>>> print(open('query-v3.txt').read())   # compact mmCIF, C-alpha atoms
# COMPACT_ATOMS: atom_id res chain seq x y z
CA MET A 1 -0.32 -35.17 -3.45
CA ARG A 2 -0.28 -38.50 -5.29
CA PRO A 3 2.23 -38.98 -8.15
CA MET A 4 1.41 -40.95 -11.25
CA THR A 5 2.19 -44.63 -11.09
CA ASN A 6 5.30 -44.28 -13.20
CA SER A 7 6.49 -41.03 -11.60
CA PRO A 8 9.21 -42.59 -9.38
CA LEU A 9 10.68 -44.21 -12.48
CA THR A 10 10.69 -40.98 -14.54
CA PRO A 11 14.13 -39.36 -14.42
CA GLY A 12 15.14 -35.94 -15.61
CA ILE A 13 13.18 -32.75 -16.10
CA VAL A 14 9.85 -33.79 -17.58
CA PRO A 15 6.22 -32.57 -17.58
CA GLY A 16 3.14 -34.43 -16.41
CA ARG A 17 4.41 -36.01 -13.19
CA LEU A 18 0.96 -35.81 -11.57
CA PRO A 19 -2.60 -36.85 -12.40
CA ALA A 20 -4.50 -34.09 -14.16
CA ALA A 21 -6.75 -33.30 -11.19
CA ALA A 22 -3.78 -32.77 -8.88
CA TYR A 23 -2.66 -29.57 -10.59
CA ALA A 24 -5.90 -27.72 -9.89
CA SER A 25 -5.86 -28.95 -6.31
CA ASN A 26 -2.20 -28.13 -5.66
CA PHE A 27 -2.30 -24.67 -7.20
CA GLY A 28 -5.67 -23.51 -5.93
CA ASP A 29 -6.01 -20.81 -3.29
CA HIS A 30 -3.91 -22.16 -0.41
CA GLU A 31 -5.64 -19.97 2.19
CA PRO A 32 -9.34 -19.54 1.34
CA ALA A 33 -10.99 -16.20 2.03
CA LEU A 34 -13.06 -15.55 5.15
CA ASP A 35 -16.81 -15.50 4.70
CA ALA A 36 -18.90 -12.68 6.21
CA HIS A 37 -19.54 -14.46 9.51
CA GLU A 38 -15.90 -15.50 9.92
CA ALA A 39 -14.79 -11.94 9.18
CA ARG A 40 -17.11 -10.49 11.83
CA VAL A 41 -15.82 -13.00 14.40
CA ALA A 42 -12.19 -12.25 13.50
CA ALA A 43 -12.84 -8.50 13.63
CA ASP A 44 -14.35 -8.77 17.11
CA ARG A 45 -10.94 -9.85 18.45
CA CYS A 46 -9.43 -6.42 17.70
CA TYR A 47 -8.91 -4.06 20.67
CA PHE A 48 -9.09 -1.02 18.30
CA CYS A 49 -6.01 0.43 19.97
CA HIS A 50 -5.76 4.23 19.98
CA ASP A 51 -2.01 4.16 19.39
CA ALA A 52 -2.16 0.95 17.38
CA PRO A 53 1.30 -0.58 16.86
CA CYS A 54 -0.03 -2.42 13.80
CA ILE A 55 -0.34 0.89 11.93
CA THR A 56 3.28 1.74 12.65
CA ALA A 57 4.33 -1.71 11.45
CA CYS A 58 2.49 -1.32 8.13
CA PRO A 59 4.74 0.23 5.43
CA THR A 60 1.68 1.89 3.88
CA ASP A 61 0.30 3.20 7.20
CA ILE A 62 -3.17 1.74 6.75
CA ASP A 63 -5.52 2.65 9.62
CA ILE A 64 -5.94 -0.98 10.59
CA PRO A 65 -8.17 -0.54 13.66
CA LEU A 66 -10.53 1.66 11.63
CA PHE A 67 -10.96 -0.79 8.76
CA ILE A 68 -11.43 -3.70 11.17
CA ARG A 69 -14.07 -1.71 13.09
CA GLN A 70 -15.81 -1.04 9.77
CA ILE A 71 -15.89 -4.77 9.08
CA ALA A 72 -17.19 -5.43 12.59
CA THR A 73 -20.03 -2.95 12.01
CA GLY A 74 -21.03 -4.54 8.71
CA THR A 75 -19.56 -1.98 6.29
CA PRO A 76 -16.81 -3.83 4.40
CA GLU A 77 -16.99 -1.38 1.46
CA ALA A 78 -15.99 1.42 3.81
CA ALA A 79 -13.21 -0.82 5.16
CA ALA A 80 -11.92 -1.32 1.64
CA GLN A 81 -11.93 2.43 1.05
CA THR A 82 -9.87 2.92 4.21
CA ILE A 83 -7.36 0.35 2.94
CA TRP A 84 -7.19 1.65 -0.64
CA SER A 85 -6.73 5.25 0.43
CA GLN A 86 -3.29 4.18 1.64
CA ASN A 87 -2.59 1.07 -0.44
CA ILE A 88 -4.28 0.83 -3.82
CA LEU A 89 -2.96 -2.74 -4.19
CA GLY A 90 -4.39 -3.77 -0.84
CA GLY A 91 -6.00 -6.86 -2.33
CA MET A 92 -2.71 -8.34 -3.47
CA CYS A 93 -0.86 -7.21 -0.37
CA ALA A 94 -3.45 -9.02 1.74
CA ARG A 95 -2.40 -12.19 -0.07
CA VAL A 96 1.38 -11.83 -0.26
CA CYS A 97 2.45 -9.53 2.60
CA PRO A 98 4.46 -11.23 5.35
CA THR A 99 1.91 -9.97 7.87
CA GLU A 100 3.35 -12.33 10.46
CA THR A 101 6.49 -10.14 10.57
CA LEU A 102 4.74 -6.79 10.05
CA CYS A 103 1.31 -5.77 11.37
CA GLU A 104 0.36 -9.07 12.98
CA GLN A 105 3.67 -9.40 14.77
CA ALA A 106 3.06 -5.97 16.29
CA CYS A 107 -0.54 -6.81 17.26
CA VAL A 108 -1.29 -6.50 20.98
CA ARG A 109 -3.08 -9.85 20.83
CA GLU A 110 0.11 -11.45 19.53
CA THR A 111 2.09 -9.98 22.41
CA ALA A 112 -0.46 -11.02 25.03
CA GLU A 113 -1.72 -14.35 23.68
CA GLY A 114 0.55 -15.47 20.85
CA LYS A 115 -2.39 -15.24 18.45
CA PRO A 116 -2.76 -11.94 16.58
CA VAL A 117 -5.86 -10.53 14.95
CA GLU A 118 -5.95 -11.95 11.41
CA ILE A 119 -5.27 -8.59 9.80
CA GLY A 120 -4.20 -9.94 6.43
CA ARG A 121 -7.27 -12.14 5.99
CA LEU A 122 -9.56 -9.32 7.13
CA GLN A 123 -7.94 -6.98 4.61
CA ARG A 124 -8.52 -9.54 1.89
CA PHE A 125 -12.15 -9.94 2.94
CA ALA A 126 -12.81 -6.20 2.70
CA THR A 127 -11.03 -5.61 -0.62
CA ASP A 128 -12.43 -8.73 -2.30
CA HIS A 129 -15.94 -7.85 -1.14
CA ALA A 130 -15.70 -4.30 -2.47
CA MET A 131 -14.09 -5.29 -5.79
CA ALA A 132 -16.88 -7.79 -6.38
CA LYS A 133 -19.44 -5.01 -5.90
CA GLY A 134 -18.23 -2.98 -8.86
CA LYS A 135 -15.86 -0.26 -9.92
CA GLN A 136 -13.34 1.40 -7.65
CA PRO A 137 -14.52 4.39 -5.64
CA PHE A 138 -11.80 6.83 -6.72
CA LYS A 139 -12.47 9.70 -9.13
CA ARG A 140 -10.03 11.86 -11.05
CA ALA A 141 -9.53 15.48 -10.20
CA ALA A 142 -9.74 18.04 -13.01
CA ARG A 143 -6.98 17.50 -15.57
CA THR A 144 -3.86 19.46 -14.83
CA GLY A 145 -2.36 19.26 -18.31
CA LYS A 146 0.78 17.69 -16.90
CA ARG A 147 2.13 14.39 -18.26
CA VAL A 148 4.19 11.92 -16.26
CA ALA A 149 6.09 8.86 -17.54
CA VAL A 150 6.14 5.85 -15.24
CA VAL A 151 8.69 3.22 -16.21
CA GLY A 152 7.71 -0.20 -14.91
CA ALA A 153 4.19 -1.52 -14.32
CA GLY A 154 4.99 -3.29 -11.08
CA PRO A 155 3.56 -2.40 -7.66
CA ALA A 156 5.60 0.80 -7.31
CA GLY A 157 4.78 2.02 -10.81
CA LEU A 158 1.09 1.16 -10.61
CA ALA A 159 0.70 2.82 -7.19
CA CYS A 160 2.46 5.92 -8.48
CA ALA A 161 0.37 6.02 -11.66
CA HIS A 162 -2.93 5.64 -9.82
CA ARG A 163 -2.21 8.39 -7.29
CA LEU A 164 -1.05 10.73 -10.08
CA ALA A 165 -4.23 10.00 -12.02
CA VAL A 166 -6.34 10.77 -8.94
CA HIS A 167 -4.63 14.18 -8.82
CA GLY A 168 -5.57 14.82 -12.45
CA HIS A 169 -2.27 14.20 -14.18
CA ASP A 170 -2.03 12.14 -17.37
CA VAL A 171 0.22 9.11 -17.00
CA VAL A 172 1.94 6.87 -19.52
CA VAL A 173 3.25 3.61 -18.07
CA LEU A 174 6.02 1.88 -20.01
CA GLU A 175 6.42 -1.84 -19.31
CA ARG A 176 9.01 -4.09 -20.94
CA ARG A 177 6.96 -7.26 -20.50
CA ALA A 178 3.74 -8.30 -22.20
CA LYS A 179 1.56 -7.68 -19.13
CA ALA A 180 1.37 -5.13 -16.37
CA GLY A 181 1.72 -6.20 -12.75
CA GLY A 182 5.44 -6.75 -12.27
CA LEU A 183 6.24 -9.32 -9.61
CA ASN A 184 2.57 -9.58 -8.70
CA GLU A 185 1.98 -11.02 -12.16
CA TYR A 186 5.28 -12.80 -12.79
CA GLY A 187 7.13 -13.31 -9.54
CA ILE A 188 5.03 -14.82 -6.74
CA ALA A 189 3.77 -18.32 -6.12
CA SER A 190 0.58 -18.86 -8.11
CA TYR A 191 -1.29 -20.41 -5.16
CA LYS A 192 -0.97 -17.10 -3.28
CA ALA A 193 -3.02 -15.24 -5.89
CA ALA A 194 -5.05 -17.86 -7.68
CA GLY A 195 -7.62 -17.25 -10.39
CA GLY A 196 -5.73 -14.52 -12.20
CA PHE A 197 -6.20 -12.06 -9.33
CA ALA A 198 -3.10 -10.00 -10.18
CA ALA A 199 -4.42 -9.21 -13.66
CA ARG A 200 -7.91 -8.47 -12.35
CA GLU A 201 -6.53 -6.04 -9.78
CA VAL A 202 -4.56 -4.20 -12.45
CA GLU A 203 -7.65 -3.94 -14.65
CA TRP A 204 -9.62 -2.60 -11.68
CA LEU A 205 -6.89 -0.08 -10.84
CA LEU A 206 -6.82 1.27 -14.41
CA GLU A 207 -10.54 2.06 -14.27
CA ILE A 208 -9.57 5.39 -12.70
CA GLY A 209 -8.78 6.63 -16.21
CA GLY A 210 -5.93 8.85 -17.34
CA ILE A 211 -3.42 5.99 -17.36
CA GLU A 212 -2.10 4.57 -20.63
CA VAL A 213 -0.10 1.35 -20.40
CA ARG A 214 2.34 0.58 -23.21
CA THR A 215 3.76 -2.93 -22.98
CA GLY A 216 6.82 -4.23 -24.78
CA VAL A 217 8.68 -0.95 -24.23
CA GLU A 218 12.07 -1.22 -22.54
CA LEU A 219 14.10 1.64 -21.15
CA GLY A 220 17.48 1.78 -22.88
CA ARG A 221 16.30 -0.27 -25.84
CA ASP A 222 13.21 1.56 -27.07
CA VAL A 223 13.50 4.86 -25.24
CA THR A 224 16.16 6.67 -23.22
CA LEU A 225 15.83 8.48 -19.94
CA ASP A 226 16.84 11.75 -21.63
CA GLN A 227 14.02 11.33 -24.14
CA LEU A 228 11.51 10.78 -21.36
CA LYS A 229 12.76 13.83 -19.44
CA ALA A 230 12.37 15.93 -22.57
CA GLU A 231 8.87 14.67 -23.41
CA TYR A 232 7.28 14.48 -19.95
CA ASP A 233 6.97 16.84 -17.01
CA ALA A 234 8.27 14.18 -14.63
CA VAL A 235 9.54 10.59 -14.70
CA PHE A 236 9.12 7.82 -12.14
CA LEU A 237 11.39 4.78 -12.37
CA GLY A 238 10.01 1.58 -10.88
CA ILE A 239 11.96 -0.87 -13.02
CA GLY A 240 12.64 -3.50 -10.39
CA LEU A 241 15.72 -5.68 -10.55
CA ALA A 242 16.22 -7.51 -13.83
CA GLY A 243 19.60 -9.09 -13.15
CA VAL A 244 20.18 -12.27 -11.13
CA ASN A 245 23.27 -12.95 -9.03
CA ALA A 246 25.56 -15.74 -10.18
CA LEU A 247 26.44 -18.76 -8.05
CA ARG A 248 30.12 -18.34 -8.81
CA ALA A 249 30.42 -22.10 -8.71
CA ALA A 250 31.83 -24.47 -11.29
CA GLY A 251 29.22 -26.11 -13.48
CA GLU A 252 26.76 -23.24 -13.23
CA GLU A 253 26.34 -23.32 -17.02
CA LEU A 254 25.14 -26.94 -17.11
CA GLU A 255 21.71 -27.77 -18.48
CA GLY A 256 19.16 -27.91 -15.70
CA VAL A 257 20.56 -24.91 -13.83
CA ARG A 258 18.40 -21.82 -14.14
CA ASN A 259 17.21 -18.72 -12.37
CA ALA A 260 14.34 -19.30 -9.97
CA VAL A 261 12.63 -16.05 -11.01
CA ASP A 262 12.41 -17.28 -14.61
CA PHE A 263 10.91 -20.58 -13.48
CA ILE A 264 8.30 -18.82 -11.37
CA ALA A 265 7.42 -16.45 -14.21
CA GLU A 266 7.03 -19.37 -16.61
CA LEU A 267 4.81 -21.17 -14.13
CA ARG A 268 2.72 -18.06 -13.50
CA GLN A 269 2.02 -17.63 -17.20
CA SER A 270 1.40 -21.30 -17.96
CA THR A 271 -2.10 -22.22 -19.11
CA ASP A 272 -1.46 -25.95 -18.60
CA LEU A 273 0.75 -26.90 -15.67
CA SER A 274 0.81 -30.53 -16.78
CA LYS A 275 3.04 -29.39 -19.66
CA LEU A 276 5.53 -27.56 -17.43
CA PRO A 277 8.67 -29.69 -16.91
CA VAL A 278 10.07 -30.20 -13.43
CA GLY A 279 12.93 -32.29 -12.15
CA ARG A 280 12.72 -35.40 -10.03
CA ASP A 281 15.41 -34.13 -7.64
CA VAL A 282 15.32 -30.35 -7.28
CA VAL A 283 17.78 -28.19 -5.35
CA VAL A 284 17.05 -24.52 -4.70
CA ILE A 285 19.93 -22.33 -3.58
CA GLY A 286 18.92 -19.29 -1.53
CA GLY A 287 17.05 -18.23 1.58
CA GLY A 288 14.43 -15.71 0.53
CA MET A 289 10.84 -15.75 -0.65
CA THR A 290 11.87 -16.57 -4.22
CA ALA A 291 13.67 -19.67 -3.00
CA VAL A 292 10.65 -20.81 -0.99
CA ASP A 293 8.22 -20.12 -3.84
CA ALA A 294 10.37 -22.01 -6.34
CA ALA A 295 10.84 -24.95 -3.98
CA VAL A 296 7.20 -25.30 -2.93
CA GLN A 297 5.93 -25.02 -6.48
CA SER A 298 8.44 -27.62 -7.66
CA LYS A 299 7.03 -29.98 -5.05
CA LEU A 300 3.47 -29.15 -6.10
CA LEU A 301 4.39 -29.91 -9.71
CA GLY A 302 5.43 -33.42 -8.69
CA ALA A 303 9.14 -33.24 -7.91
CA GLU A 304 10.03 -36.19 -5.69
CA ASN A 305 12.78 -34.57 -3.64
CA VAL A 306 13.10 -30.81 -3.15
CA THR A 307 15.77 -29.20 -0.98
CA ILE A 308 16.49 -25.56 -0.17
CA VAL A 309 20.11 -24.91 0.75
CA TYR A 310 21.02 -21.62 2.41
CA ARG A 311 24.54 -20.47 3.19
CA ARG A 312 23.76 -18.99 6.62
CA GLY A 313 21.66 -19.96 9.65
CA GLN A 314 17.90 -20.10 9.82
CA ASP A 315 17.74 -16.79 11.67
CA LYS A 316 19.37 -15.05 8.67
CA MET A 317 16.87 -16.33 6.09
CA SER A 318 14.86 -13.46 4.65
CA ALA A 319 11.89 -15.77 4.04
CA SER A 320 9.59 -15.49 7.04
CA GLY A 321 9.22 -18.27 9.57
CA HIS A 322 5.65 -18.76 8.35
CA GLU A 323 6.85 -19.32 4.80
CA GLN A 324 9.62 -21.65 5.93
CA ASP A 325 7.10 -23.70 7.89
CA HIS A 326 4.82 -23.84 4.87
CA ALA A 327 7.69 -25.16 2.74
CA VAL A 328 8.50 -27.87 5.26
CA GLN A 329 4.84 -28.85 5.55
CA THR A 330 4.72 -29.18 1.77
CA GLY A 331 7.59 -31.65 1.87
CA VAL A 332 10.55 -29.38 1.19
CA ARG A 333 13.74 -29.99 3.14
CA ILE A 334 15.77 -26.95 4.27
CA ILE A 335 19.51 -27.17 4.92
CA HIS A 336 21.31 -24.24 6.54
CA ASN A 337 24.96 -23.20 6.71
CA ALA A 338 26.05 -24.63 3.38
CA ALA A 339 27.22 -23.00 0.14
CA PRO A 340 27.55 -24.48 -3.38
CA VAL A 341 31.03 -25.46 -4.49
CA ARG A 342 30.21 -26.97 -7.87
CA VAL A 343 27.41 -28.39 -9.97
CA ILE A 344 28.32 -31.89 -11.09
CA GLY A 345 27.30 -33.36 -14.43
CA ASN A 346 28.24 -34.27 -17.98
CA GLY A 347 26.38 -31.64 -19.97
CA LYS A 348 23.41 -31.86 -17.63
CA ALA A 349 23.19 -31.25 -13.89
CA GLU A 350 23.34 -34.48 -11.89
CA ALA A 351 24.28 -33.27 -8.41
CA VAL A 352 25.50 -30.28 -6.43
CA GLU A 353 28.45 -30.33 -4.07
CA PHE A 354 28.18 -28.07 -1.01
CA ALA A 355 30.64 -27.01 1.66
CA TYR A 356 29.50 -26.36 5.21
CA THR A 357 29.94 -22.73 6.22
CA GLN A 358 30.81 -20.82 9.36
CA ASP A 359 29.36 -17.34 9.77
CA GLY A 360 31.58 -15.41 12.16
CA PRO A 361 32.81 -11.87 12.85
CA GLY A 362 35.13 -12.10 9.88
CA GLY A 363 32.36 -13.05 7.48
CA LEU A 364 31.30 -16.30 5.89
CA LYS A 365 33.92 -19.03 5.59
CA LEU A 366 33.71 -22.37 3.82
CA SER A 367 34.91 -25.40 5.71
CA SER A 368 36.74 -28.34 4.17
CA GLU A 369 33.81 -30.63 4.98
CA THR A 370 31.47 -31.12 2.01
CA PHE A 371 28.39 -33.09 1.02
CA THR A 372 26.60 -33.79 -2.25
CA LEU A 373 22.92 -33.64 -3.15
CA LYS A 374 21.49 -35.40 -6.17
CA ALA A 375 19.92 -32.83 -8.49
CA ASP A 376 18.66 -32.91 -12.05
CA GLN A 377 17.27 -29.37 -11.66
CA VAL A 378 18.95 -26.51 -9.80
CA PHE A 379 17.36 -23.14 -9.16
CA LYS A 380 19.38 -20.06 -8.30
CA ALA A 381 17.54 -17.77 -5.87
CA ILE A 382 20.38 -15.76 -4.39
CA GLY A 383 19.18 -12.25 -5.08
CA GLN A 384 18.62 -9.90 -7.97
CA THR A 385 20.59 -6.91 -9.21
CA LEU A 386 20.44 -3.98 -11.60
CA ALA A 387 22.75 -5.87 -13.95
CA GLY A 388 21.78 -5.40 -17.58
CA GLN A 389 19.92 -2.13 -17.03
CA PRO A 390 20.58 0.70 -19.51
CA LYS A 391 23.62 2.88 -18.93
CA ASP A 392 21.76 6.22 -18.95
CA LEU A 393 20.12 5.68 -15.56
CA PRO A 394 21.31 7.64 -12.52
CA VAL A 395 23.23 4.96 -10.66
CA ASP A 396 24.94 5.18 -7.30
CA GLY A 397 26.81 2.16 -6.03
CA GLY A 398 24.70 -0.23 -8.09
CA LYS A 399 21.44 1.34 -6.84
CA LEU A 400 19.32 3.94 -8.55
CA ALA A 401 19.37 7.40 -6.99
CA GLY A 402 16.69 10.03 -7.68
CA ALA A 403 19.18 12.89 -7.76
CA GLN A 404 17.89 14.41 -11.01
CA ALA A 405 15.31 17.14 -10.53
CA THR A 406 12.52 15.55 -12.57
CA VAL A 407 13.27 11.88 -11.87
CA TRP A 408 11.91 9.86 -8.96
CA VAL A 409 12.70 6.26 -8.08
CA GLY A 410 10.86 3.60 -6.07
CA GLY A 411 10.45 -0.11 -5.50
CA ASP A 412 13.12 -2.76 -5.56
CA CYS A 413 15.43 -0.73 -7.81
CA ALA A 414 15.69 2.08 -5.27
CA ALA A 415 18.49 2.23 -2.72
CA GLY A 416 17.45 0.17 0.29
CA GLY A 417 14.68 -1.67 -1.56
CA GLU A 418 13.11 -4.31 0.67
CA ASP A 419 11.72 -6.73 -1.93
CA LEU A 420 8.21 -6.33 -0.54
CA THR A 421 5.12 -5.49 -2.55
CA VAL A 422 3.77 -3.32 0.26
CA THR A 423 6.98 -1.28 0.50
CA ALA A 424 7.02 -0.76 -3.26
CA VAL A 425 3.43 0.47 -3.12
CA ALA A 426 4.30 2.93 -0.35
CA GLU A 427 7.28 4.29 -2.29
CA GLY A 428 5.27 4.66 -5.50
CA ARG A 429 2.44 6.41 -3.67
CA ASP A 430 4.79 8.78 -1.85
CA ALA A 431 6.69 9.55 -5.06
CA ALA A 432 3.40 10.47 -6.73
CA GLU A 433 2.62 12.92 -3.93
CA ALA A 434 6.09 14.45 -4.30
CA ILE A 435 5.68 14.69 -8.08
CA HIS A 436 2.26 16.29 -7.69
CA ALA A 437 3.64 18.85 -5.26
CA ARG A 438 6.48 19.68 -7.65
CA LEU A 439 4.22 19.99 -10.70
CA THR A 440 1.58 22.10 -8.99
CA GLY A 441 3.69 24.06 -6.52
CA ALA A 442 1.52 22.75 -3.70
>>> encode(input="query-v3.txt", output="structure tokens")
Amino acid sequence: MRPMTNSPLTPGIVPGRLPAAAYASNFGDHEPALDAHEARVAADRCYFCHDAPCITACPTDIDIPLFIRQIATGTPEAAAQTIWSQNILGGMCARVCPTETLCEQACVRETAEGKPVEIGRLQRFATDHAMAKGKQPFKRAARTGKRVAVVGAGPAGLACAHRLAVHGHDVVVLERRAKAGGLNEYGIASYKAAGGFAAREVEWLLEIGGIEVRTGVELGRDVTLDQLKAEYDAVFLGIGLAGVNALRAAGEELEGVRNAVDFIAELRQSTDLSKLPVGRDVVVIGGGMTAVDAAVQSKLLGAENVTIVYRRGQDKMSASGHEQDHAVQTGVRIIHNAAPVRVIGNGKAEAVEFAYTQDGPGGLKLSSETFTLKADQVFKAIGQTLAGQPKDLPVDGGKLAGAQATVWVGGDCAAGGEDLTVTAVAEGRDAAEAIHARLTGA
């Protein structure tokens, strides 16, 4: 990545730090798809275990040995059907799932050789191949006459809507943003799903029919939960987490300090990355996937120095080791065991002061020893909350609870949400099956 000649002399948060050609290169597909020959070779490494631990490790319970065998025998369309029957967003999950901590970590080849079968890349090969062939293979059952409202067009909501449509129910999806897709569209690094894949997958999913998507509709502002319960036979809430945790550090309100999720969303929707401003010295506070995505993309936009600072040790970071390694390889520095004390600046962020931390039996404690990092741009990536959600939702301890008879909940907003696309898909799918059983008495 080569900065423009004057880039080292350009202070502040400015656009256009790189030559025009660098943006396409930096934000292209960072892990190209397997071709047919590569896929067959990769599939041949699978033992096709009878009691495959990879299936147990997959939140959506995909029959992984079966779909890999189908690839090995030259029937990738059948492999895609096997995947989609459990995970209708299998194409995106193949791109963004932390397979290295899920199915591939459980792979027998990983245990024996330290090199698992490339399950994620094989899943992408099958789903991409089948999507390129034409429409999805699912058909609607006869209409039941039942109507279900799905609030939130993210992975959980879309998976729920699709499975309900397959069963013959009519579904109306209400989405507060301008596009469907949720975090797949707004919240992941663009190089993980290049070429507008998230939008194309949503369009493909909606081909099932029976699903109406209404964008720009927000629960609590445009419609209440009571109204939805009165109008529809069932309601599924997959609203995600709209609030962002505060740093609770002095100077948090200074210009240049912003939420990492907003930065990523802005980047994802940008049609010209050369016009997207980025700082020269960027500090990202947090230890999860959002922190890594914000840091790596800042570097790819031309930031000179990018540092992730996490308050606990490396073993406590929720970002996978694979993602951490990718960040470091991109040029991002990661500092552990440090927490922000204050953001320094006169109107604008200029630096961040951190205190070293000790994580013991009594919890996290800040030491008296501090250090300062230069920063003209600071991203907060320390978790999201239900803050700001409407007051008529069933809430239990800050988490939604599906205690009401006609209301189901899934995805990140549900109690115990794991912030994984694949888990959200599983919860949306399973909620749809529960709703179908309730509506039909099955």
>>> residues_near_point(input="query-v3.txt", point="(-8.6, 4.7, 2.6)", cutoff="12 Å", atoms="all atoms listed in the file", output="PyMOL selection string")
chain A and resi 60-64+66-67+70+76-90+123+126-127+136-138
>>> residues_around(input="query-v3.txt", residues="segment 430-433 of chain A", least_positions_apart="4", cutoff="7 Å", atoms="only C-alpha atoms", output="list in words")
Cys160, Arg163, Leu164, Trp408, Ala426 and Ala437 of chain A
>>> axis_aligned_box(input="query-v3.txt", around="segment 250-262 of chain A", padding_each_side="8 Å", output="JSON")
{"center_x": 22.1, "center_y": -22.0, "center_z": -14.2, "size_x": 35.4, "size_y": 27.9, "size_z": 24.5}
>>> closest_residue(input="query-v3.txt", among="A:Phe371, A:Tyr310, A:Phe236, A:Phe354", to="Ile435 of chain A", atoms="all atoms listed in the file")
A:Phe236
>>> closest_atom_pairs(input="query-v3.txt", of="segment 255-343 of chain A", to="segment 96-105 of chain A", cutoff="10 Å", atoms="only C-alpha atoms", output="tab-separated table")
residue	atom	partner	partner_atom	distance
A:Met289	CA	A:Pro98	CA	9.9
A:Ala319	CA	A:Pro98	CA	8.8
A:Ser320	CA	A:Pro98	CA	6.9
A:Gly321	CA	A:Glu100	CA	8.4
A:His322	CA	A:Glu100	CA	7.1
A:Glu323	CA	A:Pro98	CA	8.5
>>> residues_near_point(input="query-v3.txt", point="(7.6, -4.0, -23.6)", cutoff="12 Å", atoms="all atoms listed in the file", output="list of chain:residue names")
A:Val151, A:Gly152, A:Ala153, A:Val173, A:Leu174, A:Glu175, A:Arg176, A:Arg177, A:Ala178, A:Lys179, A:Ala180, A:Gly182, A:Val213, A:Arg214, A:Thr215, A:Gly216, A:Val217, A:Glu218, A:Leu219, A:Gly220, A:Arg221, A:Asp222, A:Val223, A:Ile239
>>> write_last_selection(input="query-v3.txt", atoms="C-alpha atoms", output="PDB file, in the coordinates of the input")
ATOM      1  CA  VAL A 151       8.690   3.220 -16.210  1.00  0.00           C
ATOM      2  CA  GLY A 152       7.710  -0.200 -14.910  1.00  0.00           C
ATOM      3  CA  ALA A 153       4.190  -1.520 -14.320  1.00  0.00           C
ATOM      4  CA  VAL A 173       3.250   3.610 -18.070  1.00  0.00           C
ATOM      5  CA  LEU A 174       6.020   1.880 -20.010  1.00  0.00           C
ATOM      6  CA  GLU A 175       6.420  -1.840 -19.310  1.00  0.00           C
ATOM      7  CA  ARG A 176       9.010  -4.090 -20.940  1.00  0.00           C
ATOM      8  CA  ARG A 177       6.960  -7.260 -20.500  1.00  0.00           C
ATOM      9  CA  ALA A 178       3.740  -8.300 -22.200  1.00  0.00           C
ATOM     10  CA  LYS A 179       1.560  -7.680 -19.130  1.00  0.00           C
ATOM     11  CA  ALA A 180       1.370  -5.130 -16.370  1.00  0.00           C
ATOM     12  CA  GLY A 182       5.440  -6.750 -12.270  1.00  0.00           C
ATOM     13  CA  VAL A 213      -0.100   1.350 -20.400  1.00  0.00           C
ATOM     14  CA  ARG A 214       2.340   0.580 -23.210  1.00  0.00           C
ATOM     15  CA  THR A 215       3.760  -2.930 -22.980  1.00  0.00           C
ATOM     16  CA  GLY A 216       6.820  -4.230 -24.780  1.00  0.00           C
ATOM     17  CA  VAL A 217       8.680  -0.950 -24.230  1.00  0.00           C
ATOM     18  CA  GLU A 218      12.070  -1.220 -22.540  1.00  0.00           C
ATOM     19  CA  LEU A 219      14.100   1.640 -21.150  1.00  0.00           C
ATOM     20  CA  GLY A 220      17.480   1.780 -22.880  1.00  0.00           C
ATOM     21  CA  ARG A 221      16.300  -0.270 -25.840  1.00  0.00           C
ATOM     22  CA  ASP A 222      13.210   1.560 -27.070  1.00  0.00           C
ATOM     23  CA  VAL A 223      13.500   4.860 -25.240  1.00  0.00           C
ATOM     24  CA  ILE A 239      11.960  -0.870 -13.020  1.00  0.00           C
TER      25      ILE A 239
END
>>> atom_distance(input="query-v3.txt", atom1="atom CA of Ala36 of chain A", atom2="atom CA of Thr75 of chain A")
10.7 Å
>>> closest_atom_pairs(input="query-v3.txt", of="segment 57-148 of chain A", to="segment 193-199 of chain A", cutoff="9 Å", atoms="only C-alpha atoms", output="Markdown table")
| residue | atom | partner | partner_atom | distance |
| --- | --- | --- | --- | --- |
| A:Gly91 | CA | A:Phe197 | CA | 8.7 |
| A:Met92 | CA | A:Ala198 | CA | 6.9 |
| A:Arg95 | CA | A:Ala193 | CA | 6.6 |
| A:Val96 | CA | A:Ala193 | CA | 7.9 |
>>> atom_distance(input="query-v3.txt", atom1="atom CA of Gly187 of chain A", atom2="atom CA of Tyr232 of chain A")
29.7 Å
>>> closest_residue(input="query-v3.txt", among="A:Met131, A:Lys275, A:Gly114, A:Thr406", to="Lys229 of chain A", atoms="only C-alpha atoms")
A:Thr406
>>> atom_distance(input="query-v3.txt", atom1="atom CA of Val292 of chain A", atom2="atom CA of Phe27 of chain A")
14.9 Å
>>> closest_residue(input="query-v3.txt", among="A:Val309, A:Leu158, A:Leu237, A:Val352", to="Gly181 of chain A", atoms="only C-alpha atoms")
A:Leu158
>>> closest_residue(input="query-v3.txt", among="A:Gly134, A:Gly16, A:Gly74, A:Pro65", to="Val117 of chain A", atoms="all atoms listed in the file")
A:Pro65
>>> closest_residue(input="query-v3.txt", among="A:Phe379, A:Tyr186, A:Tyr356, A:Phe48", to="Ala291 of chain A", atoms="all atoms listed in the file")
A:Phe379
>>> closest_residue(input="query-v3.txt", among="A:Gly12, A:Leu183, A:Arg143, A:Gln227", to="Asp412 of chain A", atoms="only C-alpha atoms")
A:Leu183
